Amino acid sequence: MTVSAVFVSFSAPYQAHDHESASVDLDALAGCLSSSACLVTQTTSGLIIGMLLFLVAVGLTLIFGVLKIVNFSHGAFYMFGAYFAMTAYQLTGSFALAMLAGAAGTAILGLIFERVFMSRVYGADVLMQLLVCYAFVLIFDDVVRIIWGPEFKSMGMPSAFQVMPLFIAGGVVPPYYLLLIGVALVVAIVLGIGLSRSRIGKVVRAAAHNPGMVSALGINTGLIYGGVFALGGMLAGLAGALAAPVRSLTPGMGFSVLIESFIVTVIGGMGSILGALIGALLLGLIRSFGSLGFPLFTEGLMYLFMVIVLVSKPTGLFGKEAA
Amino acid sequence: MTELEAGRAQRLAPVRSGAALQRYRDVLIALIAFAVLACLPLLSGSKALLDFIIRCSAYGLFATSLNLLVGYTGLTSFGHGMFFGLGAYSFGLIMQRLGVPIPVAFVATLAITAVVAAVIGAICVRLKEIYFAFVTLAFQMLIHSMILSWASFTGGDQGLRGGIPRPVFLGIDLANHVHLYVASCALLILGLLAMRQIAQSPFGYTLRMVRDNAARASFLGIDVWRAKLTVFVLAALFASMGGMVMALFVSGAYPEFAYWTISGEGIFINMLGGVSTFLGPMVGTVLLLLLNDTVTRFTEYHGIVLGVVILFFALGLRKGLLDFVAEWFAHRRDAGEGR
């Protein structure tokens, strides 16, 4: 049925209904769920999406938890991480150095951004903070466009990972995916233990709870804020660097990631690391399996899920009640 | 309690007469503004200028209605753009499918918007602050995804193509550029006047009280949930009007109209113009559109220029332009009286 045919036809709503059912392909979904090969492939791709999202979202949730700021420019750090990694890889040919460049570069960028700009709008209206971030989203996207050009770029898979994929229960799993999942899990464990056990983690949590008291005890809260922002930026940058070999690079690539990591933090609960992990994995699986059953409505599924969580538990699955 | 009642009884009378006076003044200003705008095509034949004002009408209605939520009620909606998109799509679809006269489609679209806004609003306004922002954003994206995926009905990512029919009604031919211009201006002025009446009415002051102290408003017997829901639906209606003007202007509807960036721009316009004055969003609309048009003409990197301007407002002025001007005048007056 062509578009113009719809416009002149009065019976179109009925036809439209038939047509709509074609965009819902439950047979494909059921077929996949009953085949172990497809199940493994889809689950891994869901885990990959989820783990990258987790790295971005956990930075977002940390920054919100400690600084009480919704960092709308977080996607830009993901983007810079990817571009830094690509440039470093092209210059040195070393995958490890590329990852390091992505993470360290964005950490420095985060520190400067927080100290010079964001620190000026603490305590100001939430809208003011969002506006400053929005301004930097626009500026950063254009900066990338000027430095690296507007066209799609790709970093290419490092030769170390250009090996035969693994076959697990008939499903194809590239080795690079295992590295991705491993790195994200290590980050989750280190962050979780670091925040709950280490001295620095305790100071950070105290600063999140009562910055005035922490400052009165002789601890430099500005340094903590800058450090947390740098850490958040670094994690997003690391996610971008890890994604660079498997995704194409373009100015504005941070945006969809930003929106999705927002959904993750909202679903998991703002400020909760475990929530970010669970939320990211759920979202990744919704995306990979949803694309089979509802190819055109995959994004809609994510938002629907977010609405359901927000309405039934506004603070998110693992969020604490607002103090 | 008796003291409070006594105080209220004393003050009510002068406020009432003042309100009536202000209403006449507002109507007068609206009439003059409309007369000036309507005479513009006689003075200047520039199509670009008229186009610019039509776009200002669409965005102005949208941004001012958002200010009813953000500025007056303290509801930071991040999904207000969904009603802009909903208005454009409903209007376009009704005109294309049913071929009814434009006013019928107009009223029908408002009715659809009211129902959708009531359902979404009933869910959203229970939530506070940042969670309200998120859930409205989620609904916005849900509607956007629905438009994209229901391609046979909405045209999917191509948008509503094939033009929106604009049959002549009572001698008004909206296919005629000047007629469309005058109609847009009329809708803008009527919309602004209606919103002004809402803002200055007792209900408008109830909203301010809900914004400043919802608990106290609730103690005074105000149903906060119902007040928020009412203003949510009202604001949606005016946003939908803006969407209809836009649909008429571009003779179609596109998924971008329902994308969250429209909501983002609305917030941005409000911050640019100022949220504590009624006309702030209107000033912001003109500023943003002017800025967009001039900057895109001179450089392809308009993000940087726009970003720097936003930073200037956010970090430099720390408030919208009209707020800044209003406060500056207030300071001057205070200083003058002090001397």
# chains A, B, ... in the order shown; residues from 1 in each chain; ligands from 1

$ residues_around --residues "range 327-334 of chain B" --least-positions-apart "5" --cutoff "12 Å" --atoms "only C-alpha atoms" --output "PyMOL selection string"
chain B and resi 274+276-277+317+319-322+339

$ residues_around --residues "Ile263 in chain A" --least-positions-apart "5" --cutoff "8 Å" --atoms "only C-alpha atoms" --output "list of chain:residue names"
A:Met302, A:Tyr303, A:Met306

$ write_last_selection --atoms "C-alpha atoms" --output "mmCIF file, in the first residue's frame"
data_model
loop_
_atom_site.group_PDB
_atom_site.id
_atom_site.type_symbol
_atom_site.label_atom_id
_atom_site.label_comp_id
_atom_site.auth_asym_id
_atom_site.auth_seq_id
_atom_site.Cartn_x
_atom_site.Cartn_y
_atom_site.Cartn_z
ATOM 1 C CA MET A 302 12.013 1.255 26.147
ATOM 2 C CA TYR A 303 9.950 4.355 26.820
ATOM 3 C CA MET A 306 10.282 3.678 31.658
#

$ closest_atom_pairs --of "chain B" --to "chain A" --cutoff "6 Å" --atoms "only C-alpha atoms" --output "CSV"
residue,atom,partner,partner_atom,distance
B:Ala138,CA,A:Tyr303,CA,5.3
B:Leu142,CA,A:Gly300,CA,5.1
B:Ser145,CA,A:Gly300,CA,5.1
B:Ser149,CA,A:Leu296,CA,4.9
B:Ser152,CA,A:Ala16,CA,5.4
B:Phe153,CA,A:Ala16,CA,6.0
B:Tyr301,CA,A:Asp142,CA,5.9
B:Gly303,CA,A:Leu138,CA,4.6
B:Ile304,CA,A:Ile139,CA,4.4
B:Gly307,CA,A:Ala135,CA,4.0
B:Ile310,CA,A:Ala135,CA,5.8
B:Leu311,CA,A:Val132,CA,5.9
B:Ala314,CA,A:Met128,CA,5.9

$ select_by_dssp --residues "range 2-222 of chain A" --states "strand (DSSP E)" --output "number ranges by chain"
A: 166-168, 171-173

$ residues_around --residues "Ile94 in chain B" --least-positions-apart "2" --cutoff "10 Å" --atoms "only C-alpha atoms" --output "mmCIF file with C-alpha atoms, in the first residue's frame"
data_model
loop_
_atom_site.group_PDB
_atom_site.id
_atom_site.type_symbol
_atom_site.label_atom_id
_atom_site.label_comp_id
_atom_site.auth_asym_id
_atom_site.auth_seq_id
_atom_site.Cartn_x
_atom_site.Cartn_y
_atom_site.Cartn_z
ATOM 1 C CA TYR B 89 -0.561 15.455 13.255
ATOM 2 C CA SER B 90 -4.205 15.393 14.383
ATOM 3 C CA PHE B 91 -5.009 18.505 12.409
ATOM 4 C CA GLY B 92 -3.185 17.275 9.314
ATOM 5 C CA GLN B 96 -6.484 14.889 4.807
ATOM 6 C CA ARG B 97 -8.812 12.042 5.715
ATOM 7 C CA LEU B 98 -12.117 13.698 6.439
ATOM 8 C CA GLY B 99 -12.067 16.856 4.335
ATOM 9 C CA VAL B 100 -14.021 18.864 6.909
ATOM 10 C CA PRO B 101 -13.881 22.690 7.094
ATOM 11 C CA ILE B 102 -10.806 24.016 8.882
ATOM 12 C CA VAL B 104 -14.146 21.838 12.559
ATOM 13 C CA ALA B 105 -10.739 20.202 12.302
ATOM 14 C CA PHE B 106 -9.385 22.876 14.641
ATOM 15 C CA ALA B 108 -11.704 18.415 16.858
ATOM 16 C CA THR B 109 -7.931 18.604 17.289
ATOM 17 C CA ILE B 164 -2.792 19.510 3.928
ATOM 18 C CA PRO B 165 -5.904 20.599 2.010
#

$ residues_around --residues "Arg226 in chain B" --least-positions-apart "2" --cutoff "12 Å" --atoms "only C-alpha atoms" --output "MDAnalysis selection string"
chainID B and resid 118 121:126 203 206:207 210 218 221:224 228:233

$ atom_distance --atom1 "CA of Asn292 in chain B" --atom2 "CA of Ile143 in chain B"
26.7 Å

$ residues_around --residues "range 224-235 of chain A" --least-positions-apart "5" --cutoff "9 Å" --atoms "only C-alpha atoms" --output "ChimeraX atom specification"
/A:55-63,66-67,74,77-78,81,102-115,119,187,203-204,207,219,240

$ write_last_selection --atoms "N, CA and C atoms" --output "short mmCIF file (atom, residue, chain, number, x, y, z; two decimals), in the first residue's frame"
data_model
loop_
_atom_site.label_atom_id
_atom_site.label_comp_id
_atom_site.auth_asym_id
_atom_site.auth_seq_id
_atom_site.Cartn_x
_atom_site.Cartn_y
_atom_site.Cartn_z
N LEU A 55 28.19 1.66 31.47
CA LEU A 55 29.36 2.51 31.70
C LEU A 55 28.99 3.99 31.60
N VAL A 56 28.14 4.32 30.62
CA VAL A 56 27.73 5.72 30.49
C VAL A 56 26.81 6.09 31.65
N ALA A 57 25.84 5.21 31.92
CA ALA A 57 24.81 5.55 32.90
C ALA A 57 25.37 5.61 34.31
N VAL A 58 26.37 4.78 34.62
CA VAL A 58 26.88 4.79 35.99
C VAL A 58 27.58 6.11 36.28
N GLY A 59 28.23 6.69 35.26
CA GLY A 59 28.82 8.01 35.43
C GLY A 59 27.75 9.05 35.69
N LEU A 60 26.68 8.94 34.92
CA LEU A 60 25.57 9.87 35.05
C LEU A 60 24.97 9.80 36.45
N THR A 61 24.81 8.57 36.92
CA THR A 61 24.15 8.36 38.21
C THR A 61 25.06 8.79 39.36
N LEU A 62 26.39 8.58 39.19
CA LEU A 62 27.35 9.04 40.20
C LEU A 62 27.30 10.55 40.31
N ILE A 63 27.35 11.23 39.15
CA ILE A 63 27.37 12.68 39.15
C ILE A 63 26.08 13.22 39.77
N VAL A 66 26.13 12.53 43.74
CA VAL A 66 27.02 13.34 44.56
C VAL A 66 26.81 14.83 44.32
N LEU A 67 26.76 15.24 43.05
CA LEU A 67 26.69 16.67 42.74
C LEU A 67 25.27 17.19 42.64
N HIS A 74 26.50 14.57 29.15
CA HIS A 74 27.24 13.34 29.38
C HIS A 74 27.52 12.58 28.08
N PHE A 77 30.82 13.24 26.37
CA PHE A 77 32.02 12.58 26.86
C PHE A 77 32.19 11.21 26.19
N TYR A 78 31.07 10.54 26.00
CA TYR A 78 31.07 9.27 25.27
C TYR A 78 31.63 9.49 23.86
N GLY A 81 35.34 10.29 23.96
CA GLY A 81 36.09 9.07 24.25
C GLY A 81 36.34 8.27 22.98
N GLY A 102 41.21 7.45 25.41
CA GLY A 102 39.78 7.73 25.53
C GLY A 102 39.40 8.04 26.96
N ALA A 103 39.88 7.22 27.90
CA ALA A 103 39.50 7.39 29.29
C ALA A 103 40.17 8.62 29.91
N ALA A 104 41.50 8.75 29.72
CA ALA A 104 42.23 9.84 30.36
C ALA A 104 41.82 11.19 29.78
N GLY A 105 41.66 11.23 28.45
CA GLY A 105 41.29 12.49 27.80
C GLY A 105 39.97 13.02 28.32
N THR A 106 38.99 12.14 28.43
CA THR A 106 37.68 12.60 28.89
C THR A 106 37.70 12.91 30.38
N ALA A 107 38.56 12.23 31.15
CA ALA A 107 38.66 12.55 32.57
C ALA A 107 39.14 13.99 32.75
N ILE A 108 40.18 14.35 32.00
CA ILE A 108 40.71 15.72 32.08
C ILE A 108 39.65 16.72 31.63
N LEU A 109 38.99 16.37 30.53
CA LEU A 109 37.94 17.25 30.00
C LEU A 109 36.84 17.45 31.06
N GLY A 110 36.46 16.36 31.73
CA GLY A 110 35.42 16.42 32.75
C GLY A 110 35.83 17.32 33.90
N LEU A 111 37.08 17.18 34.32
CA LEU A 111 37.58 17.99 35.43
C LEU A 111 37.52 19.48 35.08
N ILE A 112 38.01 19.82 33.89
CA ILE A 112 38.01 21.22 33.46
C ILE A 112 36.58 21.74 33.36
N PHE A 113 35.72 20.94 32.74
CA PHE A 113 34.32 21.33 32.53
C PHE A 113 33.64 21.62 33.86
N GLU A 114 33.88 20.74 34.84
CA GLU A 114 33.21 20.90 36.13
C GLU A 114 33.75 22.12 36.86
N ARG A 115 35.10 22.24 36.92
CA ARG A 115 35.70 23.32 37.70
C ARG A 115 35.40 24.70 37.09
N SER A 119 30.66 24.32 38.15
CA SER A 119 30.73 24.73 39.56
C SER A 119 30.09 26.10 39.76
N VAL A 187 34.51 -2.77 36.17
CA VAL A 187 34.20 -1.41 36.59
C VAL A 187 33.09 -1.43 37.64
N VAL A 203 34.20 9.18 52.00
CA VAL A 203 34.19 10.65 51.96
C VAL A 203 33.23 11.13 50.88
N VAL A 204 33.27 10.45 49.72
CA VAL A 204 32.39 10.85 48.61
C VAL A 204 30.93 10.69 49.02
N ALA A 207 30.03 13.40 51.33
CA ALA A 207 29.87 14.66 50.61
C ALA A 207 28.53 14.71 49.90
N ILE A 219 37.74 18.83 54.61
CA ILE A 219 37.93 18.13 53.34
C ILE A 219 37.51 19.05 52.20
N GLY A 240 32.85 5.05 25.25
CA GLY A 240 33.00 5.49 23.87
C GLY A 240 34.18 4.82 23.20
#

$ select_by_dssp --residues "range 88-198 of chain B" --states "alpha helix (DSSP H)" --output "tab-separated table (two decimals) with N, CA and C atoms, in the first residue's frame"
chain	number	residue	atom	x	y	z
B	88	ALA	N	-0.22	19.13	15.38
B	88	ALA	CA	0.12	19.15	13.96
B	88	ALA	C	-0.40	17.89	13.27
B	89	TYR	N	-0.16	16.72	13.88
B	89	TYR	CA	-0.56	15.46	13.25
B	89	TYR	C	-2.08	15.29	13.23
B	90	SER	N	-2.75	15.58	14.36
B	90	SER	CA	-4.21	15.39	14.38
B	90	SER	C	-4.85	16.29	13.34
B	91	PHE	N	-4.43	17.55	13.34
B	91	PHE	CA	-5.01	18.51	12.41
B	91	PHE	C	-4.77	18.06	10.97
B	92	GLY	N	-3.52	17.71	10.67
B	92	GLY	CA	-3.18	17.28	9.31
B	92	GLY	C	-3.97	16.04	8.90
B	93	LEU	N	-4.06	15.06	9.79
B	93	LEU	CA	-4.76	13.82	9.47
B	93	LEU	C	-6.25	14.07	9.27
B	94	ILE	N	-6.85	14.88	10.15
B	94	ILE	CA	-8.28	15.14	10.02
B	94	ILE	C	-8.57	15.84	8.69
B	95	MET	N	-7.73	16.82	8.35
B	95	MET	CA	-7.95	17.54	7.10
B	95	MET	C	-7.77	16.62	5.90
B	96	GLN	N	-6.75	15.76	5.96
B	96	GLN	CA	-6.48	14.89	4.81
B	96	GLN	C	-7.52	13.79	4.66
B	97	ARG	N	-7.94	13.21	5.78
B	97	ARG	CA	-8.81	12.04	5.72
B	97	ARG	C	-10.27	12.41	5.59
B	98	LEU	N	-10.68	13.44	6.32
B	98	LEU	CA	-12.12	13.70	6.44
B	98	LEU	C	-12.60	14.86	5.58
B	102	ILE	N	-11.93	23.83	7.97
B	102	ILE	CA	-10.81	24.02	8.88
B	102	ILE	C	-11.23	24.23	10.35
B	103	PRO	N	-12.24	25.09	10.62
B	103	PRO	CA	-12.61	25.29	12.03
B	103	PRO	C	-13.05	24.00	12.71
B	104	VAL	N	-13.71	23.11	11.97
B	104	VAL	CA	-14.15	21.84	12.56
B	104	VAL	C	-12.92	21.01	12.94
B	105	ALA	N	-11.97	20.95	12.02
B	105	ALA	CA	-10.74	20.20	12.30
B	105	ALA	C	-10.01	20.82	13.49
B	106	PHE	N	-10.05	22.14	13.56
B	106	PHE	CA	-9.39	22.88	14.64
B	106	PHE	C	-9.96	22.47	15.99
B	107	VAL	N	-11.31	22.52	16.07
B	107	VAL	CA	-11.97	22.18	17.33
B	107	VAL	C	-11.77	20.70	17.65
B	108	ALA	N	-11.87	19.85	16.63
B	108	ALA	CA	-11.70	18.41	16.86
B	108	ALA	C	-10.31	18.12	17.39
B	109	THR	N	-9.30	18.81	16.82
B	109	THR	CA	-7.93	18.60	17.29
B	109	THR	C	-7.79	19.01	18.75
B	110	LEU	N	-8.40	20.16	19.09
B	110	LEU	CA	-8.34	20.60	20.49
B	110	LEU	C	-8.98	19.56	21.40
B	111	ALA	N	-10.09	18.98	20.93
B	111	ALA	CA	-10.78	17.97	21.75
B	111	ALA	C	-9.89	16.75	21.94
B	112	ILE	N	-9.26	16.30	20.85
B	112	ILE	CA	-8.36	15.14	20.95
B	112	ILE	C	-7.23	15.44	21.92
B	113	THR	N	-6.63	16.66	21.75
B	113	THR	CA	-5.52	17.03	22.63
B	113	THR	C	-5.96	17.03	24.08
B	114	ALA	N	-7.15	17.56	24.34
B	114	ALA	CA	-7.63	17.64	25.72
B	114	ALA	C	-7.73	16.25	26.33
B	115	VAL	N	-8.27	15.31	25.56
B	115	VAL	CA	-8.44	13.94	26.09
B	115	VAL	C	-7.07	13.31	26.36
B	116	VAL	N	-6.17	13.39	25.35
B	116	VAL	CA	-4.84	12.79	25.52
B	116	VAL	C	-4.11	13.45	26.69
B	117	ALA	N	-4.19	14.79	26.76
B	117	ALA	CA	-3.47	15.50	27.82
B	117	ALA	C	-4.04	15.14	29.18
B	118	ALA	N	-5.35	14.93	29.26
B	118	ALA	CA	-5.96	14.58	30.54
B	118	ALA	C	-5.47	13.22	31.00
B	119	VAL	N	-5.37	12.27	30.07
B	119	VAL	CA	-4.92	10.92	30.44
B	119	VAL	C	-3.45	10.96	30.86
B	120	ILE	N	-2.59	11.58	30.00
B	120	ILE	CA	-1.16	11.63	30.32
B	120	ILE	C	-0.92	12.46	31.57
B	121	GLY	N	-1.63	13.59	31.65
B	121	GLY	CA	-1.45	14.48	32.79
B	121	GLY	C	-1.83	13.80	34.10
B	122	ALA	N	-2.93	13.03	34.08
B	122	ALA	CA	-3.38	12.37	35.31
B	122	ALA	C	-2.28	11.45	35.85
B	123	ILE	N	-1.50	10.86	34.93
B	123	ILE	CA	-0.41	9.99	35.37
B	123	ILE	C	0.79	10.83	35.82
B	124	CYS	N	1.09	11.89	35.06
B	124	CYS	CA	2.34	12.63	35.27
B	124	CYS	C	2.33	13.54	36.50
B	129	GLU	N	8.98	17.31	40.56
B	129	GLU	CA	10.26	17.83	40.07
B	129	GLU	C	10.88	17.02	38.93
B	130	ILE	N	12.07	16.47	39.20
B	130	ILE	CA	12.84	15.86	38.13
B	130	ILE	C	12.12	14.62	37.59
B	131	TYR	N	11.35	13.95	38.45
B	131	TYR	CA	10.64	12.76	38.00
B	131	TYR	C	9.49	13.13	37.08
B	132	PHE	N	8.88	14.27	37.35
B	132	PHE	CA	7.85	14.77	36.44
B	132	PHE	C	8.48	15.05	35.07
B	133	ALA	N	9.67	15.69	35.10
B	133	ALA	CA	10.36	15.99	33.84
B	133	ALA	C	10.63	14.71	33.07
B	134	PHE	N	11.10	13.66	33.77
B	134	PHE	CA	11.45	12.42	33.09
B	134	PHE	C	10.24	11.71	32.53
B	135	VAL	N	9.16	11.67	33.31
B	135	VAL	CA	8.01	10.90	32.83
B	135	VAL	C	7.34	11.62	31.65
B	136	THR	N	7.36	12.95	31.66
B	136	THR	CA	6.82	13.66	30.50
B	136	THR	C	7.70	13.41	29.28
B	137	LEU	N	9.02	13.40	29.51
B	137	LEU	CA	9.95	13.11	28.40
B	137	LEU	C	9.67	11.71	27.84
B	138	ALA	N	9.44	10.75	28.74
B	138	ALA	CA	9.18	9.38	28.30
B	138	ALA	C	7.91	9.32	27.45
B	139	PHE	N	6.86	10.03	27.89
B	139	PHE	CA	5.62	10.03	27.12
B	139	PHE	C	5.83	10.68	25.75
B	140	GLN	N	6.62	11.76	25.75
B	140	GLN	CA	6.91	12.42	24.49
B	140	GLN	C	7.56	11.45	23.51
B	141	MET	N	8.56	10.70	24.00
B	141	MET	CA	9.27	9.79	23.12
B	141	MET	C	8.40	8.60	22.73
B	142	LEU	N	7.48	8.25	23.63
B	142	LEU	CA	6.55	7.16	23.32
B	142	LEU	C	5.67	7.58	22.14
B	143	ILE	N	5.18	8.81	22.18
B	143	ILE	CA	4.35	9.31	21.08
B	143	ILE	C	5.18	9.42	19.80
B	144	HIS	N	6.43	9.88	19.97
B	144	HIS	CA	7.32	9.97	18.80
B	144	HIS	C	7.54	8.59	18.18
B	145	SER	N	7.79	7.58	19.02
B	145	SER	CA	7.98	6.23	18.48
B	145	SER	C	6.72	5.72	17.81
B	146	MET	N	5.56	6.06	18.38
B	146	MET	CA	4.32	5.60	17.78
B	146	MET	C	4.14	6.21	16.40
B	147	ILE	N	4.48	7.51	16.28
B	147	ILE	CA	4.37	8.16	14.97
B	147	ILE	C	5.29	7.48	13.97
B	148	LEU	N	6.52	7.15	14.43
B	148	LEU	CA	7.48	6.51	13.53
B	148	LEU	C	7.03	5.11	13.13
B	149	SER	N	6.47	4.35	14.09
B	149	SER	CA	6.20	2.94	13.79
B	149	SER	C	4.85	2.73	13.12
B	151	ALA	N	3.50	3.63	10.48
B	151	ALA	CA	3.84	4.34	9.25
B	151	ALA	C	2.65	4.47	8.30
B	152	SER	N	1.76	3.46	8.27
B	152	SER	CA	0.66	3.51	7.31
B	152	SER	C	-0.32	4.63	7.64
B	153	PHE	N	-0.37	5.00	8.91
B	153	PHE	CA	-1.32	6.03	9.33
B	153	PHE	C	-0.67	7.42	9.34
B	154	THR	N	0.57	7.48	9.83
B	154	THR	CA	1.21	8.78	10.04
B	154	THR	C	2.29	9.09	9.02
B	177	HIS	N	-1.07	33.32	1.03
B	177	HIS	CA	-0.03	33.57	2.02
B	177	HIS	C	-0.43	34.64	3.04
B	178	VAL	N	-1.02	35.74	2.55
B	178	VAL	CA	-1.39	36.83	3.46
B	178	VAL	C	-2.53	36.39	4.38
B	179	HIS	N	-3.50	35.65	3.84
B	179	HIS	CA	-4.59	35.15	4.68
B	179	HIS	C	-4.04	34.26	5.80
B	180	LEU	N	-3.12	33.37	5.42
B	180	LEU	CA	-2.51	32.48	6.41
B	180	LEU	C	-1.80	33.29	7.48
B	181	TYR	N	-1.11	34.34	7.02
B	181	TYR	CA	-0.38	35.20	7.95
B	181	TYR	C	-1.32	35.85	8.95
B	182	VAL	N	-2.40	36.45	8.43
B	182	VAL	CA	-3.33	37.15	9.33
B	182	VAL	C	-3.99	36.16	10.29
B	183	ALA	N	-4.34	34.97	9.76
B	183	ALA	CA	-4.96	33.97	10.62
B	183	ALA	C	-4.00	33.53	11.73
B	184	SER	N	-2.72	33.34	11.37
B	184	SER	CA	-1.73	32.95	12.39
B	184	SER	C	-1.62	34.01	13.47
B	185	CYS	N	-1.56	35.29	13.02
B	185	CYS	CA	-1.45	36.38	13.99
B	185	CYS	C	-2.68	36.40	14.90
B	186	ALA	N	-3.86	36.20	14.29
B	186	ALA	CA	-5.09	36.22	15.09
B	186	ALA	C	-5.05	35.11	16.13
B	187	LEU	N	-4.62	33.91	15.70
B	187	LEU	CA	-4.54	32.79	16.65
B	187	LEU	C	-3.55	33.10	17.76
B	188	LEU	N	-2.41	33.67	17.36
B	188	LEU	CA	-1.39	34.01	18.36
B	188	LEU	C	-1.94	34.98	19.39
B	189	ILE	N	-2.55	36.08	18.90
B	189	ILE	CA	-3.03	37.11	19.81
B	189	ILE	C	-4.16	36.57	20.70
B	190	LEU	N	-5.08	35.83	20.09
B	190	LEU	CA	-6.17	35.25	20.88
B	190	LEU	C	-5.62	34.28	21.93
B	191	GLY	N	-4.66	33.45	21.50
B	191	GLY	CA	-4.07	32.48	22.42
B	191	GLY	C	-3.37	33.18	23.57
B	192	LEU	N	-2.57	34.20	23.23
B	192	LEU	CA	-1.84	34.93	24.27
B	192	LEU	C	-2.81	35.59	25.24
B	193	LEU	N	-3.88	36.19	24.68
B	193	LEU	CA	-4.86	36.88	25.52
B	193	LEU	C	-5.53	35.89	26.47
B	194	ALA	N	-5.90	34.73	25.93
B	194	ALA	CA	-6.54	33.71	26.77
B	194	ALA	C	-5.59	33.25	27.87
B	195	MET	N	-4.32	33.03	27.50
B	195	MET	CA	-3.36	32.57	28.51
B	195	MET	C	-3.12	33.65	29.56
B	196	ARG	N	-3.13	34.91	29.11
B	196	ARG	CA	-2.96	36.01	30.05
B	196	ARG	C	-4.11	36.03	31.06
B	197	GLN	N	-5.33	35.80	30.54
B	197	GLN	CA	-6.49	35.78	31.43
B	197	GLN	C	-6.36	34.64	32.44
B	198	ILE	N	-5.88	33.49	31.96
B	198	ILE	CA	-5.70	32.35	32.88
B	198	ILE	C	-4.67	32.71	33.94

$ residues_around --residues "range 167-172 of chain A" --least-positions-apart "3" --cutoff "6 Å" --atoms "only C-alpha atoms" --output "PDB file with C-alpha atoms, in the first residue's frame"
ATOM      1  CA  ALA A  37      21.717 -20.363  18.791  1.00  0.00           C
ATOM      2  CA  VAL A  40      22.758 -16.850  22.647  1.00  0.00           C
ATOM      3  CA  THR A  41      23.362 -14.387  19.808  1.00  0.00           C
TER       4      THR A  41
END

$ atom_distance --atom1 "CA of Ile278 in chain A" --atom2 "CA of Gly46 in chain A"
12.5 Å

$ atom_distance --atom1 "CA of Met271 in chain B" --atom2 "CA of Arg318 in chain B"
9.2 Å

$ residues_around --residues "Arg247 in chain A" --least-positions-apart "6" --cutoff "10 Å" --atoms "only C-alpha atoms" --output "list of chain:residue names"
A:Ala82, A:Lys153, A:Ser154, A:Met155, A:Gly156, A:Gly240, A:Met253
